[in-house]
$ cat final-v7.tsv   # TSV, C-alpha atoms
chain	number	residue	atom	x	y	z
I	233	MET	CA	43.57	73.02	-22.02
I	234	LYS	CA	40.94	70.46	-21.18
I	235	LEU	CA	41.08	67.34	-23.31
I	236	ILE	CA	37.89	65.81	-21.87
I	237	ASN	CA	34.55	67.59	-21.74
I	238	LYS	CA	33.15	66.19	-18.51
I	239	SER	CA	29.67	67.59	-19.04
I	240	HIS	CA	29.47	66.03	-22.52
I	241	VAL	CA	30.66	62.68	-21.15
I	242	ALA	CA	28.15	62.84	-18.31
I	243	LYS	CA	25.37	63.58	-20.79
I	244	LYS	CA	26.27	60.66	-23.07
I	245	MET	CA	27.08	58.10	-20.36
I	246	PRO	CA	23.49	57.01	-19.42
I	247	ALA	CA	22.66	56.18	-23.05
I	248	ARG	CA	25.92	54.27	-23.49
I	249	LEU	CA	25.35	52.30	-20.29
I	250	ALA	CA	21.82	51.47	-21.43
I	251	VAL	CA	23.10	50.22	-24.80
I	252	ASN	CA	25.79	48.19	-23.03
I	253	THR	CA	23.19	46.57	-20.74
I	254	ILE	CA	20.91	45.73	-23.67
I	255	CYS	CA	23.77	44.19	-25.68
I	256	LYS	CA	24.95	42.21	-22.68
I	257	GLY	CA	21.44	40.85	-22.18
I	258	LEU	CA	21.10	39.91	-25.88
I	259	PHE	CA	24.45	38.12	-25.90
I	260	PHE	CA	23.56	36.25	-22.71
I	261	LEU	CA	20.21	35.27	-24.22
I	262	ALA	CA	21.91	34.00	-27.38
I	263	THR	CA	24.29	31.91	-25.29
I	264	LEU	CA	21.42	30.60	-23.17
I	265	VAL	CA	19.41	29.54	-26.24
I	266	GLY	CA	22.37	27.58	-27.60
I	267	LEU	CA	23.01	25.88	-24.27
I	268	LEU	CA	19.31	25.09	-23.86
I	269	VAL	CA	19.09	23.42	-27.27
I	270	LEU	CA	22.27	21.46	-26.53
I	271	ALA	CA	20.89	20.35	-23.16
I	272	ILE	CA	17.63	19.19	-24.75
I	273	LEU	CA	19.58	17.28	-27.40
I	274	PHE	CA	21.76	15.57	-24.81
I	275	TYR	CA	18.75	14.73	-22.65
I	276	ARG	CA	16.86	13.18	-25.55
I	277	ILE	CA	19.87	11.15	-26.72
I	278	PHE	CA	20.76	9.82	-23.28
I	279	THR	CA	17.20	8.98	-22.26
I	280	GLN	CA	16.67	7.09	-25.53
I	281	GLY	CA	20.03	5.39	-25.82
I	282	ILE	CA	21.25	4.63	-22.31
I	283	GLY	CA	19.08	1.52	-22.09
I	284	SER	CA	20.67	-0.01	-25.19
I	285	LEU	CA	24.24	0.86	-24.17
I	286	ASN	CA	25.82	-2.23	-22.66
I	287	GLY	CA	28.64	-4.69	-23.20
I	288	ASP	CA	26.78	-6.65	-25.87
I	289	PHE	CA	26.13	-3.46	-27.83
I	290	LEU	CA	29.88	-2.77	-27.99
I	291	GLN	CA	30.79	-6.37	-28.85
I	292	ASN	CA	28.05	-7.33	-31.34
I	293	PHE	CA	28.02	-6.67	-35.06
I	294	ALA	CA	25.16	-4.96	-36.86
I	295	SER	CA	21.97	-7.01	-37.04
I	296	ARG	CA	18.49	-6.83	-38.56
I	297	LYS	CA	17.13	-7.40	-35.06
I	298	PRO	CA	17.43	-4.32	-32.84
I	299	GLU	CA	17.94	-6.36	-29.65
I	300	GLU	CA	20.99	-8.05	-31.22
I	301	ALA	CA	22.40	-5.00	-33.04
I	302	GLY	CA	25.87	-3.82	-32.03
I	303	ILE	CA	28.42	-1.25	-33.05
I	304	LYS	CA	31.65	-3.26	-33.01
I	305	ALA	CA	32.39	-3.11	-36.75
I	306	ALA	CA	31.58	0.61	-36.99
I	307	LEU	CA	33.66	1.50	-33.91
I	308	ILE	CA	36.72	-0.42	-35.11
I	309	GLY	CA	36.20	1.01	-38.61
I	310	SER	CA	36.20	4.57	-37.25
I	311	ILE	CA	39.46	3.89	-35.41
I	312	TRP	CA	40.98	2.47	-38.60
I	313	LEU	CA	39.85	5.58	-40.49
I	314	MET	CA	41.54	7.87	-37.93
I	315	VAL	CA	44.72	5.80	-38.21
I	316	VAL	CA	44.90	6.88	-41.86
I	317	VAL	CA	43.47	10.40	-41.60
I	318	ALA	CA	45.47	11.65	-38.59
I	319	PRO	CA	49.05	11.11	-39.85
I	320	VAL	CA	48.30	12.00	-43.47
I	321	SER	CA	46.40	15.22	-42.73
I	322	LEU	CA	48.66	16.40	-39.89
I	323	LEU	CA	51.93	15.77	-41.74
I	324	LEU	CA	50.73	17.36	-44.97
I	325	GLY	CA	48.91	20.20	-43.19
I	326	VAL	CA	51.72	21.20	-40.84
I	327	GLY	CA	54.33	20.74	-43.58
I	328	THR	CA	52.38	23.02	-45.92
I	329	ALA	CA	51.96	25.63	-43.17
I	330	ILE	CA	55.70	25.58	-42.40
I	331	TYR	CA	56.57	26.08	-46.07
I	332	LEU	CA	54.08	28.92	-46.57
I	333	GLU	CA	55.09	30.77	-43.39
I	334	GLU	CA	58.83	30.10	-43.21
I	335	TYR	CA	60.15	29.36	-46.70
I	336	ALA	CA	57.78	30.66	-49.39
I	337	ARG	CA	58.46	34.12	-50.79
I	338	LYS	CA	55.93	36.80	-49.93
I	339	ASN	CA	54.46	37.52	-53.35
I	340	TRP	CA	51.11	37.37	-55.11
I	341	ILE	CA	51.47	33.65	-55.85
I	342	THR	CA	51.83	32.81	-52.15
I	343	THR	CA	48.92	35.11	-51.31
I	344	PHE	CA	46.81	33.44	-54.02
I	345	ILE	CA	47.59	29.99	-52.57
I	346	LYS	CA	46.73	31.08	-49.02
I	347	VAL	CA	43.42	32.60	-50.12
I	348	ASN	CA	42.43	29.45	-51.97
I	349	ILE	CA	43.36	27.23	-49.03
I	350	SER	CA	41.12	29.36	-46.81
I	351	ASN	CA	38.32	29.09	-49.37
I	352	LEU	CA	38.68	25.29	-49.50
I	353	ALA	CA	37.89	25.16	-45.77
I	354	GLY	CA	34.35	26.26	-46.61
I	355	VAL	CA	33.70	23.91	-49.54
I	356	PRO	CA	30.83	21.43	-48.90
I	357	SER	CA	32.06	18.03	-47.83
I	358	ILE	CA	30.20	16.23	-50.62
I	359	VAL	CA	32.53	17.91	-53.15
I	360	PHE	CA	35.50	16.22	-51.50
I	361	GLY	CA	33.55	12.96	-51.66
I	362	LEU	CA	33.20	13.34	-55.45
I	363	LEU	CA	36.93	14.11	-55.69
I	364	GLY	CA	37.78	11.03	-53.64
I	365	LEU	CA	35.48	8.87	-55.76
I	366	THR	CA	37.12	10.09	-58.96
I	367	VAL	CA	40.76	10.01	-57.86
I	368	PHE	CA	41.16	7.36	-55.18
I	369	VAL	CA	38.33	4.89	-55.84
I	370	ARG	CA	38.35	4.88	-59.66
I	371	ALA	CA	41.61	6.38	-60.98
I	372	LEU	CA	43.89	4.73	-58.39
I	373	ALA	CA	41.62	1.64	-58.10
I	374	LEU	CA	41.63	1.65	-54.29
I	375	ASP	CA	37.97	0.56	-54.29
I	376	ARG	CA	35.85	1.20	-51.16
I	377	SER	CA	38.76	0.64	-48.80
I	378	ILE	CA	39.91	2.30	-45.62
I	379	LEU	CA	42.80	3.88	-47.52
I	380	ALA	CA	40.52	5.46	-50.14
I	381	ALA	CA	38.13	6.81	-47.50
I	382	GLY	CA	41.00	8.00	-45.30
I	383	LEU	CA	42.65	9.93	-48.12
I	384	THR	CA	39.29	11.47	-49.04
I	385	MET	CA	38.66	12.60	-45.46
I	386	SER	CA	42.24	13.90	-45.28
I	387	LEU	CA	41.50	16.20	-48.21
I	388	LEU	CA	38.39	17.39	-46.38
I	389	VAL	CA	40.19	18.43	-43.18
I	390	LEU	CA	43.50	19.48	-44.73
I	391	PRO	CA	42.56	23.17	-45.31
I	392	VAL	CA	41.41	23.55	-41.69
I	393	ILE	CA	44.68	22.11	-40.37
I	394	ILE	CA	46.78	24.27	-42.70
I	395	VAL	CA	45.02	27.50	-41.67
I	396	ALA	CA	45.22	26.63	-37.95
I	397	ALA	CA	48.90	25.70	-38.22
I	398	GLN	CA	49.67	28.92	-40.12
I	399	GLU	CA	48.05	31.02	-37.40
I	400	ALA	CA	49.91	29.11	-34.68
I	401	ILE	CA	53.29	29.49	-36.41
I	402	ARG	CA	52.63	33.17	-37.12
I	403	ALA	CA	51.85	33.75	-33.44
I	404	VAL	CA	55.30	32.57	-32.28
I	405	PRO	CA	57.26	35.69	-31.18
I	406	ARG	CA	59.99	36.73	-33.59
I	407	ASP	CA	62.34	37.18	-30.64
I	408	LEU	CA	62.50	33.41	-30.20
I	409	ARG	CA	63.60	32.96	-33.81
I	410	GLU	CA	66.22	35.70	-33.58
I	411	ALA	CA	67.58	34.28	-30.33
I	412	SER	CA	67.93	30.86	-31.97
I	413	PHE	CA	69.70	32.35	-35.00
I	414	GLY	CA	71.97	34.29	-32.63
I	415	MET	CA	73.03	31.02	-31.00
I	416	GLY	CA	74.13	29.72	-34.42
I	417	ALA	CA	71.15	27.48	-35.22
I	418	THR	CA	70.13	26.92	-38.82
I	419	LYS	CA	66.68	27.80	-40.12
I	420	TRP	CA	65.47	24.20	-39.95
I	421	GLN	CA	66.89	23.74	-36.44
I	422	THR	CA	65.08	26.90	-35.36
I	423	ILE	CA	61.81	25.65	-36.84
I	424	LEU	CA	62.17	22.18	-35.35
I	425	LYS	CA	63.44	23.11	-31.87
I	426	VAL	CA	61.85	26.53	-31.29
I	427	VAL	CA	58.95	27.37	-33.61
I	428	LEU	CA	57.11	24.04	-33.70
I	429	PRO	CA	57.19	23.36	-29.93
I	430	ALA	CA	55.87	26.87	-29.28
I	431	ALA	CA	53.16	26.46	-31.95
I	432	ILE	CA	52.03	22.99	-30.91
I	433	PRO	CA	49.09	24.19	-28.72
I	434	GLY	CA	47.51	26.05	-31.65
I	435	ILE	CA	48.32	23.29	-34.13
I	436	LEU	CA	46.76	20.65	-31.89
I	437	THR	CA	43.64	22.71	-31.35
I	438	GLY	CA	43.03	23.04	-35.09
I	439	GLY	CA	44.07	19.45	-35.74
I	440	ILE	CA	41.73	17.91	-33.19
I	441	LEU	CA	38.82	20.06	-34.38
I	442	ALA	CA	39.53	18.92	-37.93
I	443	LEU	CA	39.78	15.24	-36.94
I	444	SER	CA	36.55	15.59	-34.95
I	445	ARG	CA	34.88	16.80	-38.13
I	446	ALA	CA	36.34	13.86	-40.07
I	447	ILE	CA	35.10	11.23	-37.62
I	448	GLY	CA	31.58	12.67	-37.71
I	449	GLU	CA	31.21	13.24	-41.46
I	450	THR	CA	28.90	11.06	-43.53
I	451	ALA	CA	28.40	12.71	-46.94
I	452	PRO	CA	31.89	12.02	-48.41
I	453	LEU	CA	31.73	8.38	-47.31
I	454	VAL	CA	28.29	7.95	-48.88
I	455	VAL	CA	29.63	9.29	-52.20
I	456	VAL	CA	32.72	7.08	-52.01
I	457	GLY	CA	30.40	4.09	-51.48
I	458	ILE	CA	31.23	2.94	-47.95
I	459	PRO	CA	28.62	0.31	-46.95
I	460	MET	CA	26.31	0.79	-43.97
I	461	PHE	CA	26.01	-2.87	-42.96
I	462	ILE	CA	29.11	-4.98	-42.30
I	463	ALA	CA	29.46	-8.05	-40.08
I	464	PHE	CA	33.24	-8.41	-40.03
I	465	LEU	CA	36.31	-6.47	-38.91
I	466	PRO	CA	38.85	-5.01	-41.37
I	467	GLN	CA	42.32	-6.51	-41.26
I	468	SER	CA	44.21	-3.95	-43.35
I	469	VAL	CA	43.80	-0.51	-44.90
I	470	MET	CA	42.68	-2.13	-48.16
I	471	ASP	CA	39.63	-3.83	-46.62
I	472	THR	CA	36.03	-2.65	-46.82
I	473	PHE	CA	34.68	-1.13	-43.63
I	474	THR	CA	31.97	1.05	-42.10
I	475	VAL	CA	32.07	3.89	-39.56
I	476	LEU	CA	29.93	5.17	-36.70
I	477	PRO	CA	28.09	7.94	-38.63
I	478	MET	CA	27.17	5.51	-41.42
I	479	GLN	CA	25.89	2.91	-38.95
I	480	ILE	CA	23.90	5.52	-37.03
I	481	TYR	CA	22.41	6.81	-40.28
I	482	ASN	CA	21.41	3.27	-41.20
I	483	TRP	CA	19.63	2.75	-37.88
I	484	THR	CA	17.80	6.09	-37.95
I	485	SER	CA	16.47	5.33	-41.44
I	486	ARG	CA	14.70	2.18	-40.20
I	487	PRO	CA	11.01	2.47	-39.22
I	488	GLN	CA	11.18	0.39	-36.02
I	489	GLU	CA	11.17	2.41	-32.80
I	490	GLU	CA	13.77	0.08	-31.25
I	491	PHE	CA	16.34	1.05	-33.89
I	492	GLN	CA	15.94	4.73	-32.90
I	493	GLN	CA	17.05	3.75	-29.41
I	494	VAL	CA	19.97	1.77	-30.80
I	495	ALA	CA	20.95	4.80	-32.93
I	496	ALA	CA	20.89	7.01	-29.81
I	497	ALA	CA	23.24	4.56	-28.09
I	498	GLY	CA	25.55	4.80	-31.11
I	499	ILE	CA	25.51	8.60	-30.83
I	500	ILE	CA	26.56	8.31	-27.18
I	501	VAL	CA	29.54	6.16	-28.22
I	502	LEU	CA	30.47	8.69	-30.92
I	503	LEU	CA	30.28	11.55	-28.41
I	504	ALA	CA	32.46	9.62	-25.97
I	505	LEU	CA	35.05	9.09	-28.70
I	506	LEU	CA	35.05	12.80	-29.56
I	507	ILE	CA	35.41	13.77	-25.89
I	508	LEU	CA	38.34	11.37	-25.54
I	509	MET	CA	40.08	12.87	-28.58
I	510	ASN	CA	39.60	16.42	-27.31
I	511	SER	CA	40.75	15.47	-23.81
I	512	ILE	CA	44.01	14.07	-25.17
I	513	ALA	CA	44.54	17.28	-27.16
I	514	VAL	CA	43.91	19.44	-24.07
I	515	ILE	CA	46.41	17.43	-21.99
I	516	ILE	CA	49.13	17.73	-24.65
I	517	ARG	CA	48.37	21.41	-25.22
I	518	ASN	CA	48.56	22.23	-21.50
I	519	LYS	CA	51.86	20.37	-21.21
I	520	PHE	CA	53.49	22.47	-23.91
I	521	GLN	CA	51.90	25.72	-22.72
I	522	LYS	CA	53.73	25.32	-19.42
I	523	ARG	CA	57.05	25.13	-21.26
I	524	TYR	CA	56.57	28.09	-23.59
$ encode --input "final-v7.tsv" --output "structure tokens"
Amino acid sequence: MKLINKSHVAKKMPARLAVNTICKGLFFLATLVGLLVLAILFYRIFTQGIGSLNGDFLQNFASRKPEEAGIKAALIGSIWLMVVVAPVSLLLGVGTAIYLEEYARKNWITTFIKVNISNLAGVPSIVFGLLGLTVFVRALALDRSILAAGLTMSLLVLPVIIVAAQEAIRAVPRDLREASFGMGATKWQTILKVVLPAAIPGILTGGILALSRAIGETAPLVVVGIPMFIAFLPQSVMDTFTVLPMQIYNWTSRPQEEFQQVAAAGIIVLLALLILMNSIAVIIRNKFQKRY
């Protein structure tokens, strides 16, 4: 009994190959359009900003004169912000993912929580800014400090980290868990020594993407009231500060052509910081992928 009708297959194959070729061409064209727009964007930014990017630009504070304007306060402020956001969001995000995947009972309540966490990942960032203004700035009286802004940005990226960590933990083979239990390890020892090391590549990928979003966001910080112009460096998490996106936004809003070039130089610095963060994540991820 023939299971394949060769004549029918031969009749249908030319049309299927034609559809495959058309789809392949459309997908390639879509990719090419995205790359072309990105290349134009990079070209415009670098041609405008490379002339203003020098040692003085990195060491000077913001100024009303474009030739004296620098990004020192904003760069240090962004680093301070990440010092708060990274540990808070990663600890809370990974801890929540571990509880939901390893300890929480599989019932409608857990499912309801997971669905709402996924929905929070798509909430506009300005909503988190309003929440941070209400809770951290006013209710807890943290004012426009690094701590208030860092906690607000942690809320923004927390759902993304939780979802990414859940997927990474869920992808760990069950055989590894059972082997650990068979050796006499407790549940927490299995999670700490087996599950988390195996899930670190996925957790880091989601975490770095989330932190990259946090360092480039402006809307929540505008709502919280972070100033755009500061001529001093913060000394603690309770000090007022500014960040790279706010400083770039301030420069682009000015009418002078020279400030557009200074803003482009600031964008180059921001891109370099993002590339550095992602490079560190790739190095750590590759290290653990070789072990597991």
$ residues_around --input "final-v7.tsv" --residues "Glu300 of chain I" --least-positions-apart "3" --cutoff "12 Å" --atoms "only C-alpha atoms" --output "list of chain:residue names"
I:Ser284, I:Leu285, I:Asn286, I:Gly287, I:Asp288, I:Phe289, I:Leu290, I:Gln291, I:Asn292, I:Phe293, I:Ala294, I:Ser295, I:Arg296, I:Lys297, I:Ile303, I:Lys304, I:Glu490, I:Phe491, I:Val494
$ residues_near_point --input "final-v7.tsv" --point "(49.2, 25.7, -29.8)" --cutoff "8 Å" --atoms "all atoms listed in the file" --output "list in words"
Ala400, Ala430, Ala431, Ile432, Pro433, Gly434, Ile435, Leu436, Thr437, Arg517, Phe520 and Gln521 of chain I
$ axis_aligned_box --input "final-v7.tsv" --around "segment 429-439 of chain I" --padding-each-side "8 Å" --output "JSON"
{"center_x": 50.1, "center_y": 23.2, "center_z": -32.2, "size_x": 30.2, "size_y": 23.4, "size_z": 23.0}
$ closest_atom_pairs --input "final-v7.tsv" --of "segment 383-448 of chain I" --to "segment 337-356 of chain I" --cutoff "7 Å" --atoms "all atoms listed in the file" --output "JSON lines"
{"residue": "I:Pro391", "atom": "CA", "partner": "I:Ala353", "partner_atom": "CA", "distance": 5.1}
{"residue": "I:Val392", "atom": "CA", "partner": "I:Ala353", "partner_atom": "CA", "distance": 5.6}
{"residue": "I:Val395", "atom": "CA", "partner": "I:Ser350", "partner_atom": "CA", "distance": 6.7}
$ write_last_selection --input "final-v7.tsv" --atoms "C-alpha atoms" --output "compact mmCIF listing (two decimals), in the frame of the given file"
# COMPACT_ATOMS: atom_id res chain seq x y z
CA PRO I 391 42.56 23.17 -45.31
CA VAL I 392 41.41 23.55 -41.69
CA VAL I 395 45.02 27.50 -41.67
$ closest_residue --input "final-v7.tsv" --among "I:Ala451, I:Ala242, I:Ile358, I:Val320" --to "Leu383 of chain I" --atoms "all atoms listed in the file"
I:Val320
$ atom_distance --input "final-v7.tsv" --atom1 "atom CA of Ser357 of chain I" --atom2 "atom CA of Ala403 of chain I"
29.1 Å
